[in-house]
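Structure below is final-v4.cif: mmCIF, C-alpha atoms and all ligand atoms.
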data_my_file
loop_
_atom_site.label_atom_id
_atom_site.label_comp_id
_atom_site.auth_asym_id
_atom_site.auth_seq_id
_atom_site.Cartn_x
_atom_site.Cartn_y
_atom_site.Cartn_z
CA MET X 1 97.27 4.47 56.23
CA GLU X 2 100.62 4.98 54.49
CA LEU X 3 103.95 5.36 56.23
CA SER X 4 107.29 6.47 54.89
CA LEU X 5 109.88 3.74 54.64
CA HIS X 6 112.21 5.99 56.63
CA GLU X 7 109.72 6.17 59.51
CA ILE X 8 109.32 2.40 59.62
CA ILE X 9 113.06 1.72 59.40
CA SER X 10 113.88 4.29 62.09
CA PHE X 11 111.35 2.66 64.39
CA LEU X 12 112.62 -0.88 63.74
CA ASN X 13 116.18 0.32 64.33
CA THR X 14 115.22 1.63 67.77
CA GLN X 15 113.55 -1.69 68.63
CA PHE X 16 116.33 -3.88 67.23
CA PRO X 17 119.44 -1.69 66.93
CA LEU X 18 121.51 -2.65 63.90
CA GLN X 19 124.74 -2.11 65.81
CA HIS X 20 123.78 -5.14 67.91
CA GLN X 21 123.96 -7.55 64.97
CA GLU X 22 126.88 -9.98 64.67
CA SER X 23 129.79 -8.89 62.48
CA TRP X 24 128.95 -11.50 59.78
CA ASP X 25 125.29 -10.58 59.66
CA ASN X 26 123.51 -8.42 57.07
CA SER X 27 120.47 -7.03 58.87
CA GLY X 28 118.82 -3.75 57.96
CA LEU X 29 117.32 -2.31 54.79
CA LEU X 30 118.21 -4.65 51.92
CA VAL X 31 116.06 -3.26 49.13
CA ASP X 32 115.06 0.40 49.02
CA THR X 33 112.13 1.79 47.05
CA HIS X 34 111.68 5.44 48.11
CA ARG X 35 107.93 4.95 48.01
CA PRO X 36 105.29 5.35 50.72
CA ILE X 37 104.58 2.00 52.35
CA ARG X 38 100.95 0.94 52.32
CA LYS X 39 101.27 -2.58 53.72
CA ALA X 40 103.94 -4.83 55.22
CA LEU X 41 104.22 -8.59 54.95
CA ILE X 42 106.10 -10.43 57.71
CA CYS X 43 108.02 -13.69 57.33
CA VAL X 44 111.03 -15.68 58.55
CA ASP X 45 112.54 -16.06 55.05
CA CYS X 46 111.91 -13.91 51.98
CA THR X 47 111.27 -16.60 49.37
CA GLU X 48 109.85 -16.25 45.85
CA ALA X 49 106.50 -17.46 47.19
CA VAL X 50 106.53 -14.72 49.83
CA VAL X 51 107.27 -12.04 47.21
CA ASP X 52 104.42 -13.38 45.04
CA GLU X 53 102.18 -13.18 48.07
CA ALA X 54 103.24 -9.55 48.68
CA VAL X 55 102.34 -8.69 45.07
CA THR X 56 98.92 -10.35 45.38
CA GLU X 57 98.26 -8.77 48.77
CA GLY X 58 99.40 -5.31 47.71
CA ALA X 59 102.17 -5.20 50.30
CA ASN X 60 105.18 -3.09 49.29
CA LEU X 61 107.40 -3.90 52.27
CA ILE X 62 108.58 -7.33 53.36
CA VAL X 63 110.08 -7.67 56.83
CA SER X 64 111.97 -10.92 57.30
CA HIS X 65 114.03 -12.46 60.08
CA HIS X 66 116.74 -13.97 57.85
CA PRO X 67 118.48 -11.56 55.46
CA LEU X 68 118.03 -12.58 51.81
CA MET X 69 121.64 -11.67 51.08
CA LEU X 70 124.13 -12.86 53.66
CA SER X 71 127.27 -13.82 51.82
CA GLY X 72 127.45 -11.23 49.03
CA ILE X 73 126.21 -11.27 45.45
CA LYS X 74 128.76 -11.96 42.74
CA ARG X 75 126.44 -11.91 39.71
CA MET X 76 122.84 -11.12 38.83
CA VAL X 77 121.74 -14.08 36.73
CA ASP X 78 118.38 -15.78 36.68
CA SER X 79 119.84 -19.18 37.49
CA ASP X 80 120.55 -17.77 40.95
CA ARG X 81 117.63 -17.85 43.36
CA THR X 82 118.63 -14.68 45.25
CA THR X 83 118.83 -12.77 41.95
CA ARG X 84 115.37 -13.93 40.94
CA ILE X 85 113.92 -12.78 44.24
CA LEU X 86 115.71 -9.43 44.10
CA LYS X 87 114.55 -8.79 40.54
CA LYS X 88 110.99 -9.59 41.50
CA LEU X 89 111.18 -7.24 44.48
CA ILE X 90 112.59 -4.40 42.42
CA ARG X 91 110.23 -4.94 39.50
CA ASN X 92 107.29 -4.72 41.86
CA ASN X 93 108.66 -1.82 43.93
CA ILE X 94 108.72 -3.88 47.11
CA ALA X 95 111.18 -2.90 49.84
CA LEU X 96 112.91 -5.54 51.95
CA TYR X 97 114.11 -5.22 55.54
CA ALA X 98 115.66 -7.90 57.78
CA ALA X 99 116.26 -8.05 61.53
CA HIS X 100 118.35 -11.13 62.21
CA THR X 101 120.94 -11.42 65.00
CA ASN X 102 119.93 -7.99 66.28
CA LEU X 103 116.45 -9.46 66.83
CA ASP X 104 117.98 -12.52 68.53
CA ALA X 105 120.03 -10.31 70.84
CA ALA X 106 117.44 -7.63 71.60
CA LYS X 107 115.62 -7.11 74.83
CA ASN X 108 112.25 -8.82 74.24
CA GLY X 109 113.72 -10.44 71.13
CA ILE X 110 113.74 -14.12 70.17
CA ASN X 111 115.95 -15.34 73.00
CA ASP X 112 114.01 -13.47 75.66
CA TYR X 113 110.86 -14.98 74.20
CA LEU X 114 112.29 -18.53 74.43
CA ALA X 115 113.32 -17.94 78.06
CA SER X 116 109.90 -16.63 78.96
CA ALA X 117 108.07 -19.42 77.06
CA LEU X 118 109.96 -21.92 79.23
CA ASN X 119 109.14 -19.85 82.35
CA LEU X 120 112.80 -19.43 83.20
CA SER X 121 113.61 -17.18 86.17
CA LYS X 122 116.82 -15.31 87.06
CA VAL X 123 117.42 -14.96 83.33
CA SER X 124 120.70 -13.52 82.11
CA VAL X 125 122.31 -13.16 78.69
CA LEU X 126 124.35 -16.21 77.68
CA GLN X 127 126.83 -14.30 75.53
CA PRO X 128 126.64 -10.55 76.24
CA LEU X 129 127.69 -8.20 73.46
CA ARG X 130 131.19 -6.76 73.52
CA GLN X 131 132.73 -3.69 71.89
CA GLN X 132 129.50 -1.77 72.32
CA LEU X 133 130.47 0.51 75.19
CA PHE X 134 132.58 3.67 75.19
CA LYS X 135 133.72 6.15 77.76
CA ILE X 136 133.55 9.86 77.02
CA ALA X 137 135.78 12.15 79.10
CA VAL X 138 135.33 15.87 78.54
CA PHE X 139 137.03 18.86 80.16
CA VAL X 140 134.57 21.63 81.08
CA PRO X 141 134.84 24.91 83.02
CA GLU X 142 133.41 24.34 86.51
CA SER X 143 130.40 26.58 85.95
CA ASN X 144 129.36 24.67 82.80
CA ALA X 145 129.92 21.13 84.07
CA GLU X 146 126.31 20.49 85.01
CA GLN X 147 125.01 21.73 81.68
CA VAL X 148 127.39 19.49 79.72
CA ARG X 149 126.71 16.52 82.00
CA ASN X 150 122.95 16.85 81.59
CA ALA X 151 123.28 17.16 77.82
CA LEU X 152 125.21 13.88 77.78
CA PHE X 153 122.62 12.17 79.98
CA GLN X 154 119.80 13.36 77.73
CA LYS X 155 121.52 11.75 74.75
CA GLY X 156 121.70 8.35 76.42
CA CYS X 157 124.97 8.51 78.36
CA GLY X 158 125.43 7.32 81.95
CA ASN X 159 123.22 4.22 82.00
CA ILE X 160 124.54 1.34 84.11
CA GLY X 161 122.04 -1.46 84.94
CA ASN X 162 119.17 0.02 86.92
CA TYR X 163 120.91 3.40 87.29
CA ASP X 164 121.01 6.37 84.99
CA CYS X 165 122.84 9.73 85.13
CA CYS X 166 126.06 7.93 86.14
CA SER X 167 129.23 10.03 85.80
CA PHE X 168 132.49 10.71 87.58
CA ASN X 169 133.71 14.27 88.03
CA LEU X 170 137.23 15.28 88.88
CA ASN X 171 138.19 18.88 89.59
CA GLY X 172 141.47 20.25 88.30
CA TYR X 173 142.70 22.95 86.01
CA GLY X 174 143.33 23.07 82.31
CA THR X 175 145.88 25.17 80.43
CA PHE X 176 145.74 26.57 76.91
CA ARG X 177 147.02 29.42 74.75
CA ALA X 178 144.83 30.85 72.02
CA ASN X 179 146.49 32.00 68.78
CA GLU X 180 145.55 35.10 66.77
CA GLU X 181 142.92 33.20 64.76
CA ALA X 182 141.12 32.02 67.87
CA ASN X 183 138.09 33.46 69.61
CA PRO X 184 138.62 32.24 73.19
CA TYR X 185 135.72 31.94 75.65
CA VAL X 186 138.13 32.74 78.52
CA GLY X 187 141.76 33.95 78.57
CA GLU X 188 143.68 36.24 76.25
CA LYS X 189 145.14 35.54 72.84
CA GLY X 190 148.84 34.76 72.96
CA LYS X 191 148.95 34.13 76.74
CA ILE X 192 148.93 30.79 78.48
CA HIS X 193 145.70 30.62 80.45
CA GLN X 194 144.78 28.44 83.42
CA GLU X 195 141.13 27.60 83.99
CA LYS X 196 139.46 25.60 86.76
CA GLU X 197 137.84 22.70 84.95
CA VAL X 198 136.02 19.46 85.67
CA ARG X 199 136.86 16.22 83.90
CA VAL X 200 133.37 14.77 83.36
CA GLU X 201 133.45 11.12 82.42
CA THR X 202 130.52 8.90 81.56
CA ILE X 203 129.67 5.73 79.70
CA VAL X 204 127.74 5.43 76.43
CA GLU X 205 126.57 2.73 74.02
CA ARG X 206 127.87 2.73 70.46
CA GLY X 207 124.45 3.65 69.07
CA ASN X 208 124.28 6.84 71.16
CA LEU X 209 127.91 7.90 70.85
CA LYS X 210 127.68 10.18 67.81
CA LYS X 211 124.65 12.19 68.89
CA ALA X 212 126.01 12.44 72.46
CA VAL X 213 129.31 13.91 71.23
CA GLU X 214 127.47 16.30 68.89
CA GLU X 215 125.25 17.54 71.71
CA MET X 216 128.18 17.81 74.13
CA ILE X 217 130.06 20.03 71.66
CA LYS X 218 126.93 22.11 71.09
CA VAL X 219 126.41 23.02 74.77
CA HIS X 220 130.10 23.27 75.70
CA PRO X 221 131.24 26.93 75.91
CA TYR X 222 134.73 26.45 74.46
CA GLU X 223 135.61 27.11 70.84
CA GLU X 224 137.67 23.91 70.77
CA VAL X 225 136.29 21.20 73.03
CA ALA X 226 138.88 18.85 74.54
CA TYR X 227 137.45 15.37 74.95
CA ASP X 228 138.51 11.73 74.74
CA ILE X 229 136.59 8.67 73.59
CA TYR X 230 137.77 5.30 74.89
CA PRO X 231 136.50 1.94 73.61
CA LEU X 232 135.72 -0.31 76.59
CA GLU X 233 136.09 -4.05 77.05
CA ASN X 234 133.06 -4.12 79.38
CA GLU X 235 130.21 -6.34 78.23
CA LEU X 236 126.76 -5.02 77.48
CA THR X 237 125.15 -7.44 79.90
CA THR X 238 121.51 -6.86 78.96
CA ILE X 239 121.86 -7.65 75.26
CA GLY X 240 123.36 -10.57 73.38
CA ILE X 241 122.81 -14.02 71.98
CA GLY X 242 121.17 -16.72 74.12
CA ARG X 243 119.68 -16.62 77.59
CA ILE X 244 120.23 -18.79 80.66
CA GLY X 245 117.87 -19.20 83.59
CA ILE X 246 116.22 -21.52 86.09
CA LEU X 247 113.21 -23.77 85.45
CA PRO X 248 110.24 -23.47 87.82
CA LYS X 249 111.15 -26.93 89.20
CA LEU X 250 113.78 -29.63 88.76
CA MET X 251 112.84 -32.17 86.08
CA ASN X 252 114.25 -35.41 84.79
CA GLU X 253 115.12 -35.54 81.10
CA ASP X 254 111.81 -37.10 80.01
CA GLU X 255 109.81 -34.50 81.88
CA PHE X 256 111.95 -31.74 80.42
CA LEU X 257 111.44 -32.96 76.85
CA LYS X 258 107.67 -32.98 77.27
CA TYR X 259 107.87 -29.56 78.93
CA VAL X 260 109.81 -28.12 75.97
CA GLN X 261 107.42 -29.68 73.45
CA GLN X 262 104.44 -28.23 75.22
CA HIS X 263 105.81 -24.76 75.99
CA LEU X 264 107.41 -24.13 72.60
CA SER X 265 104.60 -25.90 70.69
CA VAL X 266 106.93 -28.23 68.82
CA LYS X 267 106.13 -31.77 67.80
CA TYR X 268 109.55 -33.22 67.00
CA LEU X 269 112.69 -33.03 69.11
CA ARG X 270 116.21 -34.38 68.70
CA PHE X 271 118.13 -34.81 71.92
CA SER X 272 121.30 -36.26 73.39
CA ASN X 273 121.44 -39.49 75.41
CA ILE X 274 119.21 -39.85 78.45
CA SER X 275 121.45 -40.31 81.49
CA ASN X 276 119.28 -39.64 84.54
CA ARG X 277 120.31 -36.01 84.94
CA SER X 278 118.10 -33.55 86.66
CA ILE X 279 117.49 -30.37 84.72
CA GLY X 280 117.27 -27.10 86.60
CA LYS X 281 119.38 -24.54 84.79
CA VAL X 282 118.65 -24.14 81.08
CA ALA X 283 120.24 -22.22 78.22
CA VAL X 284 118.17 -21.22 75.18
CA VAL X 285 119.49 -20.05 71.81
CA GLY X 286 117.19 -19.28 68.86
CA GLY X 287 118.37 -20.57 65.46
CA SER X 288 121.68 -22.42 65.27
CA GLY X 289 123.11 -22.50 68.77
CA SER X 290 125.97 -25.01 68.46
CA SER X 291 128.61 -22.34 68.97
CA MET X 292 127.04 -21.41 72.30
CA ILE X 293 127.18 -24.87 73.88
CA LEU X 294 130.53 -24.22 75.58
CA ASP X 295 129.21 -20.97 77.06
CA ALA X 296 126.20 -22.87 78.38
CA ILE X 297 128.42 -25.59 79.93
CA GLN X 298 130.75 -23.01 81.47
CA GLN X 299 127.81 -21.20 83.01
CA GLY X 300 126.52 -24.43 84.58
CA ALA X 301 123.52 -25.14 82.35
CA ASP X 302 122.11 -28.66 82.67
CA ALA X 303 120.44 -28.40 79.23
CA ILE X 304 120.50 -26.28 76.11
CA VAL X 305 117.49 -25.77 73.84
CA THR X 306 118.35 -24.63 70.32
CA GLY X 307 118.29 -25.75 66.65
CA ASP X 308 120.56 -27.14 63.91
CA ILE X 309 122.66 -29.42 66.07
CA LYS X 310 125.07 -31.61 64.09
CA TYR X 311 125.79 -35.27 64.78
CA HIS X 312 129.33 -34.52 66.01
CA THR X 313 128.08 -31.87 68.39
CA PHE X 314 125.89 -34.51 70.05
CA VAL X 315 128.95 -36.79 70.22
CA ASP X 316 131.26 -34.09 71.59
CA PHE X 317 129.03 -32.43 74.17
CA GLY X 318 126.04 -34.73 74.78
CA ASP X 319 127.56 -36.13 77.97
CA GLU X 320 128.30 -32.73 79.44
CA ILE X 321 124.97 -31.06 78.78
CA PHE X 322 121.54 -32.31 77.76
CA ILE X 323 121.15 -31.03 74.19
CA VAL X 324 117.63 -30.51 72.88
CA ASP X 325 117.26 -29.57 69.21
CA VAL X 326 113.79 -28.17 68.55
CA GLY X 327 114.58 -27.16 64.94
CA HIS X 328 115.85 -23.91 63.48
CA PHE X 329 112.52 -22.61 62.18
CA GLU X 330 110.65 -23.78 65.27
CA SER X 331 112.97 -21.82 67.56
CA GLU X 332 112.64 -18.65 65.47
CA LYS X 333 109.07 -18.69 64.19
CA ILE X 334 108.20 -16.34 67.05
CA SER X 335 110.09 -13.60 65.17
CA ILE X 336 106.91 -13.18 63.09
CA GLN X 337 104.83 -12.51 66.18
CA ILE X 338 107.47 -10.15 67.61
CA PHE X 339 107.45 -8.09 64.38
CA TYR X 340 103.65 -8.11 64.33
CA ASP X 341 103.38 -7.00 67.96
CA VAL X 342 105.88 -4.12 67.73
CA PHE X 343 104.33 -2.88 64.46
CA SER X 344 100.73 -3.01 65.64
CA LYS X 345 101.57 -1.32 68.94
CA LYS X 346 103.42 1.55 67.29
CA PHE X 347 101.26 1.90 64.15
CA PRO X 348 97.81 0.56 65.08
CA ASN X 349 96.21 1.72 61.81
CA PHE X 350 98.91 0.40 59.50
CA ALA X 351 98.20 -2.74 57.47
CA ILE X 352 100.42 -5.69 58.29
CA SER X 353 99.94 -9.32 57.58
CA ILE X 354 101.77 -12.51 58.38
CA SER X 355 102.89 -14.44 55.33
CA LYS X 356 100.99 -17.64 54.64
CA ASN X 357 103.79 -18.85 52.39
CA GLY X 358 106.59 -18.36 54.93
CA VAL X 359 106.46 -21.97 55.98
CA ASN X 360 109.13 -24.19 57.49
CA PRO X 361 111.29 -25.47 54.62
CA VAL X 362 112.03 -28.60 56.69
CA ASN X 363 109.43 -31.36 56.90
CA TYR X 364 109.13 -34.32 59.27
CA LEU X 365 107.46 -37.70 58.85
ZN ZN W 1 117.87 -18.35 61.93
#
Turn this file's structure into structure tokens for me.
Ligand SMILES: [Zn+2]
Amino acid sequence: MELSLHEIISFLNTQFPLQHQESWDNSGLLVDTHRPIRKALICVDCTEAVVDEAVTEGANLIVSHHPLMLSGIKRMVDSDRTTRILKKLIRNNIALYAAHTNLDAAKNGINDYLASALNLSKVSVLQPLRQQLFKIAVFVPESNAEQVRNALFQKGCGNIGNYDCCSFNLNGYGTFRANEEANPYVGEKGKIHQEKEVRVETIVERGNLKKAVEEMIKVHPYEEVAYDIYPLENELTTIGIGRIGILPKLMNEDEFLKYVQQHLSVKYLRFSNISNRSIGKVAVVGGSGSSMILDAIQQGADAIVTGDIKYHTFVDFGDEIFIVDVGHFESEKISIQIFYDVFSKKFPNFAISISKNGVNPVNYL
């Protein structure tokens, strides 16, 4: 079974919306091929070995967690590893797609997986996304208000927590004067007209804003639609980096370490000093979570489970919170399974395989 690259990318973008990636990230389609996709290979990092594997396996799409290019390419020379990989991809007509911090942040993404693997309850997002929500306010004749409202709802507006179709409606009247070029729905050219209108206001996520406004304009009866779009400071509480929740029971530090090892299937842990704390509330952050330690402390976490903790971070925060470093790869290897599961559910007859060469680049003795 072949799929178009566009179909696959559109699907992945609905699962892990690109607008939810961090500003420094580079998720999305990284190498385009404009060819039908016959097989996808999934990995954490797109290395030369993974590209070789794709060639051997006949896969012409690689889906990785980490983007191959993150900091920009200044030159294409063979002494540069990224260049070599890109050339190999292009030469072999292999497309490359990455879902990085948008996969971390997503509902049922890496952080949700970590929380559920540790059986955390009352789970909330450690650092909810900001600058993702907008308010649309549109002025509609009374008799058309419902039609416009419903069009907005159908395009994803009005969702707040467990409620949908949320809006506020204020009756008033609008004034306008049409010039000679106009073709007014109501009123006469050259005369100031008053019309009973409703100010319909509703909330919308960044990803739905454009299509919602387009649809609103389509169903609105006026020639010129008056509307406002406001960026909101409200947090998108269901999506973001890290999760925080409650363990099934209180544990001492030793018990917690064994619990983490067992539930995340990791052999080696690095951790801050044992000081007879009891661990009940736990923060989890896939990948490098050092920058989230303060959030975890402020939200009352007894422990944080993440990767890539530096020596000085242990020194600075180890007394305030029990830091458990499970390793970067170990905390994110589940990304492979998440990709595999979403692909096989949506496209059950499409060939996907998990890279055998996408191994942890860090070894332990
Ligand atoms: Zn990572």
Which region 69-172 of chain X residues have any atom within 8 Å of an atom of region 334-354 of chain X, and for each, what is the nearest pair of atoms with distance in Å to one decimal, counting all atoms listed in the file, rows sorted by chain and number, as CSV?
residue,atom,partner,partner_atom,distance
X:Leu103,CA,X:Ser335,CA,7.8
X:Gly109,CA,X:Ile338,CA,7.2
X:Ile110,CA,X:Ser335,CA,6.2
X:Tyr113,CA,X:Ile334,CA,7.7
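Atom pair CA of Asp254 (chain X) / CA of Leu120 (chain X): separated by 18.0 Å.
Considering the residues X:Gly58, X:Gly245, X:Gly172, X:Pro141 and counting only C-alpha atoms, Val123 (chain X) has its shortest atom-to-atom contact with X:Gly245.
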- Top pick for closest residue to Ala40 (chain X), considering X:Ala178, X:Val362, X:Val55, X:Ile309 and counting all atoms listed in the file: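 Of the candidates, the smallest distance to Ala40 (chain X) is held by X:Val55.
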- Query: Can you tell me how far CA of Thr83 (chain X) sits from CA of Val63 (chain X), in Å to one decimal?
  - Reply: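 Distance reported for this atom pair: 18.0 Å.
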Where atoms are lacking, region 104-130 of chain X completed to N, CA and C atoms, as a short mmCIF file (atom, residue, chain, number, x, y, z; two decimals), in the coordinates of the input:
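Generated file (part-v6.cif):
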data_model
loop_
_atom_site.label_atom_id
_atom_site.label_comp_id
_atom_site.auth_asym_id
_atom_site.auth_seq_id
_atom_site.Cartn_x
_atom_site.Cartn_y
_atom_site.Cartn_z
N ASP X 104 117.64 -11.47 67.55
CA ASP X 104 117.98 -12.52 68.53
C ASP X 104 118.46 -11.88 69.82
N ALA X 105 119.33 -10.87 69.67
CA ALA X 105 120.03 -10.31 70.84
C ALA X 105 119.17 -9.35 71.65
N ALA X 106 118.17 -8.76 70.99
CA ALA X 106 117.44 -7.63 71.60
C ALA X 106 116.72 -8.00 72.88
N LYS X 107 116.52 -6.99 73.68
CA LYS X 107 115.62 -7.11 74.83
C LYS X 107 114.23 -7.39 74.26
N ASN X 108 113.54 -8.38 74.78
CA ASN X 108 112.25 -8.82 74.24
C ASN X 108 112.35 -9.36 72.81
N GLY X 109 113.53 -9.80 72.42
CA GLY X 109 113.72 -10.44 71.13
C GLY X 109 113.49 -11.95 71.24
N ILE X 110 114.03 -12.68 70.27
CA ILE X 110 113.74 -14.12 70.17
C ILE X 110 114.22 -14.89 71.41
N ASN X 111 115.43 -14.58 71.86
CA ASN X 111 115.95 -15.34 73.00
C ASN X 111 115.21 -15.05 74.30
N ASP X 112 114.82 -13.80 74.48
CA ASP X 112 114.01 -13.47 75.66
C ASP X 112 112.67 -14.19 75.59
N TYR X 113 112.13 -14.28 74.36
CA TYR X 113 110.86 -14.98 74.20
C TYR X 113 111.01 -16.46 74.59
N LEU X 114 112.08 -17.11 74.12
CA LEU X 114 112.29 -18.53 74.43
C LEU X 114 112.40 -18.74 75.94
N ALA X 115 113.15 -17.83 76.60
CA ALA X 115 113.32 -17.94 78.06
C ALA X 115 111.97 -17.79 78.75
N SER X 116 111.17 -16.85 78.27
CA SER X 116 109.90 -16.63 78.96
C SER X 116 108.91 -17.74 78.63
N ALA X 117 108.97 -18.30 77.41
CA ALA X 117 108.07 -19.42 77.06
C ALA X 117 108.36 -20.63 77.95
N LEU X 118 109.61 -20.79 78.36
CA LEU X 118 109.96 -21.92 79.23
C LEU X 118 109.85 -21.53 80.72
N ASN X 119 109.31 -20.35 80.98
CA ASN X 119 109.14 -19.85 82.35
C ASN X 119 110.44 -19.84 83.15
N LEU X 120 111.53 -19.48 82.49
CA LEU X 120 112.80 -19.43 83.20
C LEU X 120 112.82 -18.19 84.11
N SER X 121 113.45 -18.34 85.27
CA SER X 121 113.61 -17.18 86.17
C SER X 121 115.11 -16.88 86.29
N LYS X 122 115.43 -15.77 86.91
CA LYS X 122 116.82 -15.31 87.06
C LYS X 122 117.55 -15.37 85.72
N VAL X 123 116.90 -14.85 84.71
CA VAL X 123 117.42 -14.96 83.33
C VAL X 123 118.55 -13.95 83.10
N SER X 124 119.64 -14.44 82.53
CA SER X 124 120.70 -13.52 82.11
C SER X 124 121.12 -13.87 80.68
N VAL X 125 121.89 -12.97 80.08
CA VAL X 125 122.31 -13.16 78.69
C VAL X 125 123.46 -14.17 78.65
N LEU X 126 123.34 -15.15 77.75
CA LEU X 126 124.35 -16.21 77.68
C LEU X 126 125.67 -15.67 77.14
N GLN X 127 125.61 -14.87 76.09
CA GLN X 127 126.83 -14.30 75.53
C GLN X 127 126.62 -12.79 75.31
N PRO X 128 126.87 -12.00 76.36
CA PRO X 128 126.64 -10.55 76.24
C PRO X 128 127.49 -9.94 75.13
N LEU X 129 126.96 -8.88 74.54
CA LEU X 129 127.69 -8.20 73.46
C LEU X 129 128.93 -7.51 74.01
N ARG X 130 129.96 -7.49 73.20
CA ARG X 130 131.19 -6.76 73.52
C ARG X 130 131.37 -5.65 72.50
#
